[in-house]
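> I am sharing structure05.tsv, which consists of TSV, C-alpha atoms:
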chain	number	residue	atom	x	y	z
B	4	MET	CA	97.64	262.62	221.72
B	5	HIS	CA	98.53	265.94	223.35
B	6	SER	CA	97.40	267.83	220.22
B	7	ALA	CA	94.14	267.34	218.35
B	8	HIS	CA	94.67	264.92	215.47
B	9	LYS	CA	93.12	262.12	213.45
B	10	HIS	CA	94.50	259.23	211.41
B	11	SER	CA	93.55	256.65	208.81
B	12	TYR	CA	93.68	253.72	211.24
B	13	CYS	CA	91.58	252.80	214.27
B	14	GLU	CA	92.81	253.00	217.83
B	15	MET	CA	91.94	251.39	221.14
B	16	TYR	CA	92.78	253.58	224.13
B	17	TYR	CA	92.67	252.14	227.66
B	18	LEU	CA	93.42	254.19	230.77
B	19	ILE	CA	94.71	251.60	233.23
B	20	ASP	CA	95.48	254.04	236.02
B	21	GLY	CA	95.13	257.78	236.59
B	22	LYS	CA	92.86	260.50	235.22
B	23	CYS	CA	92.69	262.54	232.03
B	24	ASP	CA	90.31	264.45	229.78
B	25	LEU	CA	89.64	263.07	226.31
B	26	SER	CA	88.19	265.10	223.44
B	27	VAL	CA	86.48	263.03	220.73
B	28	ALA	CA	84.98	265.02	217.86
B	29	ASP	CA	82.85	267.63	219.65
B	30	ASP	CA	82.59	265.88	223.03
B	31	ILE	CA	84.87	266.02	226.07
B	32	TYR	CA	85.06	263.15	228.55
B	33	SER	CA	86.65	262.89	231.98
B	34	LEU	CA	88.35	259.49	232.10
B	35	THR	CA	89.21	257.53	235.24
B	36	SER	CA	91.04	254.25	235.78
B	37	GLY	CA	89.43	251.39	233.88
B	38	THR	CA	88.03	253.51	231.05
B	39	LEU	CA	88.36	252.22	227.49
B	40	ILE	CA	87.38	253.58	224.09
B	41	PHE	CA	87.76	252.40	220.49
B	42	LEU	CA	88.35	255.34	218.14
B	43	SER	CA	87.31	255.01	214.51
B	44	THR	CA	89.28	256.28	211.54
B	45	ASN	CA	89.45	260.02	210.86
B	46	VAL	CA	87.83	261.11	214.11
B	47	LEU	CA	89.44	264.13	215.73
B	48	HIS	CA	90.70	263.35	219.24
B	49	GLN	CA	93.07	264.57	221.91
B	50	THR	CA	94.01	263.78	225.52
B	51	ASN	CA	94.89	266.21	228.27
B	52	TYR	CA	96.66	264.94	231.39
B	53	SER	CA	97.08	266.74	234.67
B	54	SER	CA	100.72	267.60	235.27
B	55	THR	CA	100.30	266.79	238.97
B	56	SER	CA	99.23	263.16	238.56
B	57	THR	CA	100.69	259.99	237.11
B	58	HIS	CA	98.91	257.68	234.70
B	59	THR	CA	99.31	254.35	232.93
B	60	ARG	CA	97.75	253.90	229.52
B	61	LEU	CA	97.71	251.26	226.81
B	62	TYR	CA	96.75	251.82	223.21
B	63	ILE	CA	96.56	249.57	220.17
B	64	GLU	CA	96.52	250.78	216.58
B	65	PHE	CA	94.75	248.63	213.99
B	66	THR	CA	93.07	248.89	210.59
B	67	GLU	CA	89.46	248.14	209.75
B	68	ASP	CA	90.71	245.29	207.60
B	69	TYR	CA	92.24	243.71	210.73
B	70	ILE	CA	88.74	243.11	212.14
B	71	LYS	CA	87.06	242.20	208.84
B	72	ASP	CA	86.11	238.77	210.26
B	73	LEU	CA	83.96	240.50	212.86
B	74	TYR	CA	82.44	242.72	210.17
B	75	ASN	CA	81.59	239.62	208.12
B	76	ASP	CA	80.00	237.82	211.08
B	77	TYR	CA	78.11	240.69	212.72
B	78	GLY	CA	77.85	243.37	210.04
B	79	LYS	CA	79.96	246.50	209.72
B	80	THR	CA	77.15	248.86	210.68
B	81	TRP	CA	76.38	247.00	213.91
B	82	ILE	CA	80.06	246.76	214.90
B	83	ASP	CA	80.69	250.43	214.15
B	84	ASP	CA	77.58	251.58	216.02
B	85	ASN	CA	78.29	249.53	219.13
B	86	LEU	CA	82.07	249.55	219.33
B	87	PHE	CA	83.52	252.84	218.16
B	88	ASN	CA	83.64	256.28	219.79
B	89	LYS	CA	81.66	255.18	222.84
B	90	LEU	CA	83.21	255.44	226.27
B	91	LYS	CA	83.23	252.17	228.19
B	92	TYR	CA	84.02	251.81	231.87
B	93	ILE	CA	85.32	248.37	232.80
B	94	PRO	CA	83.93	247.50	236.26
B	95	ASP	CA	86.29	246.15	238.91
B	96	SER	CA	84.81	242.64	238.63
B	97	LYS	CA	85.62	242.40	234.90
B	98	ARG	CA	88.89	244.34	234.86
B	99	PRO	CA	91.22	241.38	235.72
B	100	PHE	CA	89.71	239.39	232.83
B	101	ILE	CA	90.11	242.25	230.31
B	102	ASN	CA	93.61	242.97	231.60
B	103	SER	CA	94.58	239.31	231.18
B	104	ILE	CA	93.64	239.40	227.49
B	105	LEU	CA	95.76	242.52	227.00
B	106	GLU	CA	98.65	240.92	228.89
B	107	ASN	CA	98.41	237.91	226.58
B	108	ILE	CA	98.70	240.23	223.58
B	109	ILE	CA	101.76	241.93	225.07
B	110	ASP	CA	103.41	238.61	225.97
B	111	GLU	CA	102.79	237.24	222.48
B	112	ARG	CA	104.37	240.31	220.88
B	113	LYS	CA	107.51	239.63	222.92
B	114	LYS	CA	107.68	236.05	221.65
B	115	SER	CA	107.23	237.06	218.01
B	116	ASP	CA	107.49	233.64	216.36
B	117	ASN	CA	105.72	232.34	213.25
B	118	PHE	CA	102.46	231.89	215.16
B	119	SER	CA	102.42	235.19	217.06
B	120	GLN	CA	100.56	237.34	214.52
B	121	PHE	CA	97.69	234.85	214.38
B	122	ILE	CA	97.49	234.41	218.14
B	123	ILE	CA	97.58	238.18	218.70
B	124	LYS	CA	94.72	238.61	216.23
B	125	MET	CA	92.76	235.90	218.02
B	126	TYR	CA	93.26	237.57	221.40
B	127	PHE	CA	92.33	240.99	220.00
B	128	GLN	CA	89.13	239.67	218.45
B	129	GLU	CA	88.30	238.00	221.76
B	130	LEU	CA	88.79	241.35	223.50
B	131	ILE	CA	86.38	243.08	221.13
B	132	ILE	CA	83.80	240.30	221.42
B	133	GLN	CA	83.91	240.44	225.23
B	134	ILE	CA	83.50	244.23	225.13
B	135	LEU	CA	80.51	243.86	222.81
B	136	ARG	CA	79.04	241.03	224.90
B	137	TYR	CA	79.05	243.18	228.02
B	138	HIS	CA	78.32	246.37	226.09
B	139	LYS	CA	75.51	247.60	228.34
B	140	GLU	CA	77.44	246.82	231.50
B	141	PHE	CA	80.61	248.43	230.18
B	142	PHE	CA	78.87	251.51	228.85
B	143	GLY	CA	79.38	253.62	231.95
B	144	GLU	CA	76.76	256.35	231.76
B	145	SER	CA	78.11	257.86	234.97
B	146	HIS	CA	81.43	258.25	233.18
B	147	GLY	CA	79.89	260.14	230.27
B	148	ARG	CA	80.52	263.75	229.38
B	149	VAL	CA	82.51	266.33	231.26
B	150	ASN	CA	81.92	267.26	234.85
B	151	ILE	CA	79.42	270.05	235.32
B	152	ALA	CA	82.30	272.41	236.19
B	153	ASP	CA	83.48	272.15	232.59
B	154	GLU	CA	80.07	272.30	230.95
B	155	SER	CA	80.82	275.78	229.60
B	156	ILE	CA	83.73	274.36	227.60
B	157	GLN	CA	81.49	271.66	226.16
B	158	ILE	CA	79.07	274.37	225.04
B	159	ALA	CA	81.96	276.33	223.54
B	160	ILE	CA	83.23	273.32	221.60
B	161	ASN	CA	79.77	272.52	220.28
B	162	TYR	CA	79.48	276.13	219.13
B	163	ILE	CA	82.88	275.97	217.38
B	164	VAL	CA	82.03	272.73	215.59
B	165	ASN	CA	78.74	274.15	214.33
B	166	ASN	CA	80.04	277.63	213.43
B	167	TYR	CA	83.70	277.24	212.40
B	168	THR	CA	82.93	278.61	208.91
B	169	LYS	CA	81.94	281.93	210.47
B	170	ASN	CA	84.17	284.69	211.77
B	171	ILE	CA	84.14	283.70	215.45
B	172	SER	CA	86.57	284.67	218.17
B	173	LEU	CA	87.40	283.89	221.76
B	174	ASN	CA	85.76	287.16	222.81
B	175	ASP	CA	82.54	286.21	221.00
B	176	ILE	CA	82.20	282.90	222.81
B	177	SER	CA	83.28	284.17	226.22
B	178	TYR	CA	80.64	286.91	225.87
B	179	MET	CA	78.05	284.30	224.90
B	180	LEU	CA	78.93	282.28	228.01
B	181	HIS	CA	78.98	285.39	230.25
B	182	LEU	CA	82.62	284.69	231.18
B	183	ASN	CA	85.64	286.94	231.40
B	184	SER	CA	87.66	286.36	228.20
B	185	SER	CA	90.95	285.86	230.07
B	186	TYR	CA	89.34	283.37	232.47
B	187	PHE	CA	87.63	281.56	229.58
B	188	SER	CA	90.90	281.34	227.63
B	189	LYS	CA	92.74	279.74	230.55
B	190	LYS	CA	89.84	277.41	231.32
B	191	PHE	CA	89.57	276.32	227.68
B	192	LYS	CA	93.25	275.38	227.52
B	193	THR	CA	93.13	273.61	230.88
B	194	VAL	CA	90.23	271.40	229.80
B	195	THR	CA	91.19	270.75	226.16
B	196	GLY	CA	94.97	271.03	226.40
B	197	THR	CA	94.86	273.40	223.42
B	198	GLY	CA	94.49	277.16	223.11
B	199	PHE	CA	91.26	278.50	221.63
B	200	ASN	CA	92.77	279.73	218.35
B	201	GLU	CA	94.70	276.49	217.81
B	202	TYR	CA	91.59	274.43	218.51
B	203	LEU	CA	89.53	276.47	216.04
B	204	SER	CA	92.30	276.17	213.44
B	205	ASN	CA	92.45	272.38	213.92
B	206	ILE	CA	88.71	272.10	213.28
B	207	ARG	CA	88.98	274.21	210.12
B	208	ILE	CA	92.03	272.42	208.78
B	209	ASN	CA	90.49	268.99	209.35
B	210	HIS	CA	87.34	270.06	207.53
B	211	SER	CA	89.39	271.37	204.63
B	212	GLU	CA	91.20	268.01	204.34
B	213	LYS	CA	87.90	266.35	203.54
B	214	LEU	CA	87.12	268.94	200.86
B	215	LEU	CA	90.60	268.59	199.35
B	216	LEU	CA	90.27	264.83	199.03
B	217	GLU	CA	86.58	264.47	198.18
B	218	THR	CA	85.82	267.48	195.94
B	219	ASP	CA	87.27	269.35	192.96
B	220	LEU	CA	86.79	272.74	194.59
B	221	SER	CA	89.57	275.28	194.15
B	222	ILE	CA	91.92	276.04	197.03
B	223	THR	CA	90.29	279.48	197.35
B	224	ASP	CA	86.79	278.00	197.60
B	225	ILE	CA	87.96	275.43	200.15
B	226	ALA	CA	89.55	278.18	202.21
B	227	PHE	CA	86.26	280.12	202.31
B	228	LYS	CA	84.18	277.02	203.08
B	229	SER	CA	86.54	276.18	205.95
B	230	GLY	CA	86.25	279.56	207.65
B	231	TYR	CA	89.20	281.42	206.15
B	232	ASP	CA	88.67	284.73	204.36
B	233	ASN	CA	92.10	284.61	202.75
B	234	SER	CA	93.45	281.65	200.74
B	235	ASN	CA	97.07	282.62	201.41
B	236	TYR	CA	96.48	282.62	205.17
B	237	TYR	CA	94.72	279.27	204.81
B	238	GLY	CA	97.69	277.85	202.90
B	239	ASP	CA	100.11	279.01	205.60
B	240	ALA	CA	97.92	277.59	208.39
B	241	PHE	CA	97.53	274.28	206.56
B	242	LYS	CA	101.27	273.89	205.96
B	243	LYS	CA	102.04	274.75	209.58
B	244	LYS	CA	99.65	272.03	210.76
B	245	LYS	CA	100.27	269.30	208.15
B	246	GLY	CA	103.80	270.08	206.95
B	247	VAL	CA	102.75	270.32	203.29
B	248	SER	CA	100.70	272.74	201.18
B	249	PRO	CA	97.00	272.07	200.45
B	250	THR	CA	97.84	271.54	196.77
B	251	TYR	CA	100.48	268.94	197.54
B	252	PHE	CA	98.24	267.28	200.14
B	253	ARG	CA	95.58	266.83	197.43
B	254	ARG	CA	98.16	265.56	194.92
B	255	ILE	CA	99.36	262.78	197.25
B	256	LYS	CA	95.77	262.02	198.32
B	257	GLY	CA	96.52	262.87	201.93
B	258	ASP	CA	99.17	260.15	202.26
B	259	ILE	CA	101.65	262.09	204.40
B	260	LYS	CA	104.57	259.89	205.47
Take the structure in the file and give it back as structure tokens.


Amino acid sequence: MHSAHKHSYCEMYYLIDGKCDLSVADDIYSLTSGTLIFLSTNVLHQTNYSSTSTHTRLYIEFTEDYIKDLYNDYGKTWIDDNLFNKLKYIPDSKRPFINSILENIIDERKKSDNFSQFIIKMYFQELIIQILRYHKEFFGESHGRVNIADESIQIAINYIVNNYTKNISLNDISYMLHLNSSYFSKKFKTVTGTGFNEYLSNIRINHSEKLLLETDLSITDIAFKSGYDNSNYYGDAFKKKKGVSPTYFRRIKGDIK
């Protein structure tokens, strides 16, 4: 997760020990030990760890179909609204219980007999139900957005997300924030783990993916609607990021192996 990315499956990310910054869509969070988040499909995210500290993390990848029983019982809208893309801080009193469920999942994966897949699914659903049961307690408001020292970067990211179709630059935003451009550039990379130009390109490329798959617009029109004033430059940037051309990406319906 060191570069901004998204995928067609869901992900549970749990920081057991240490600290890191997590970007989810257009928000940045400062995570501490005991912080957990369920990421929905196709949401842009990235982690940035301090090189001077150690950390222990656990993540589980799963499809929406894997939790269809919960959708059937509680409704997809309710599950999505209360489970995904919301930071949850597991308090010390509940952490051993949550950890024990995760340890059961890990132990069952090691056994891997004819019953394991069903038992793992049972444990995973129990984990989600317990998180939802204690939703208000686990939703750590004090562990919300970035520290005030990084508020300028949050403003910058919000501006990028809302204006990526325009001709914006690092100098434009640093001027808007009344910051030296060199200082802003270093600060942006420290907080997000990505340089300004790469971050902007990631936002544009991810937007263009949606247009490629969900519209019949030409490659040139998609390039313009994604913030590029040159379709050839867009094609080069897309291939550098995704490994295939926009045309081929559309042909295979985004199913990059």

> Pick out the closest residue to Asn45 (chain B) from this set: B:Asn75, B:Asn209, B:Asn165, B:Gln133. Count all atoms listed in the file.

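Closest to Asn45 (chain B), using all atoms listed in the file: B:Asn209.
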
> Find the residues around region 222-226 of chain B up to 9 Å (all atoms listed in the file counted), leave out those fewer than 4 positions away in its own chain, and share them as a short mmCIF file (atom, residue, chain, number, x, y, z; two decimals) with C-alpha atoms, keeping the file's coordinate frame.


data_model
loop_
_atom_site.label_atom_id
_atom_site.label_comp_id
_atom_site.auth_asym_id
_atom_site.auth_seq_id
_atom_site.Cartn_x
_atom_site.Cartn_y
_atom_site.Cartn_z
CA ARG B 207 88.98 274.21 210.12
CA SER B 211 89.39 271.37 204.63
CA LEU B 214 87.12 268.94 200.86
CA LEU B 215 90.60 268.59 199.35
CA GLY B 230 86.25 279.56 207.65
CA TYR B 231 89.20 281.42 206.15
CA ASP B 232 88.67 284.73 204.36
CA ASN B 233 92.10 284.61 202.75
CA SER B 234 93.45 281.65 200.74
CA ASN B 235 97.07 282.62 201.41
CA TYR B 236 96.48 282.62 205.17
CA TYR B 237 94.72 279.27 204.81
CA GLY B 238 97.69 277.85 202.90
CA PRO B 249 97.00 272.07 200.45
CA THR B 250 97.84 271.54 196.77
#

> Restricting the calculation to all atoms listed in the file, which member of B:Asn88, B:Ser188, B:Ser96, B:Ser33 is positioned closest to Glu201 (chain B)?

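Looking at the shortest contact to Glu201 (chain B), the residue is B:Ser188.
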
> For the atom pair CA of Tyr77 (chain B) and CA of Phe65 (chain B), what is the interatomic distance in Å to one decimal place?

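CA of Tyr77 (chain B) sits 18.5 Å away from CA of Phe65 (chain B).
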
> Just checking: using all atoms listed in the file, which residue out of B:Asp219, B:Glu129, B:Asp20, B:Asp95 ends up closest to Tyr52 (chain B)?

B:Asp20
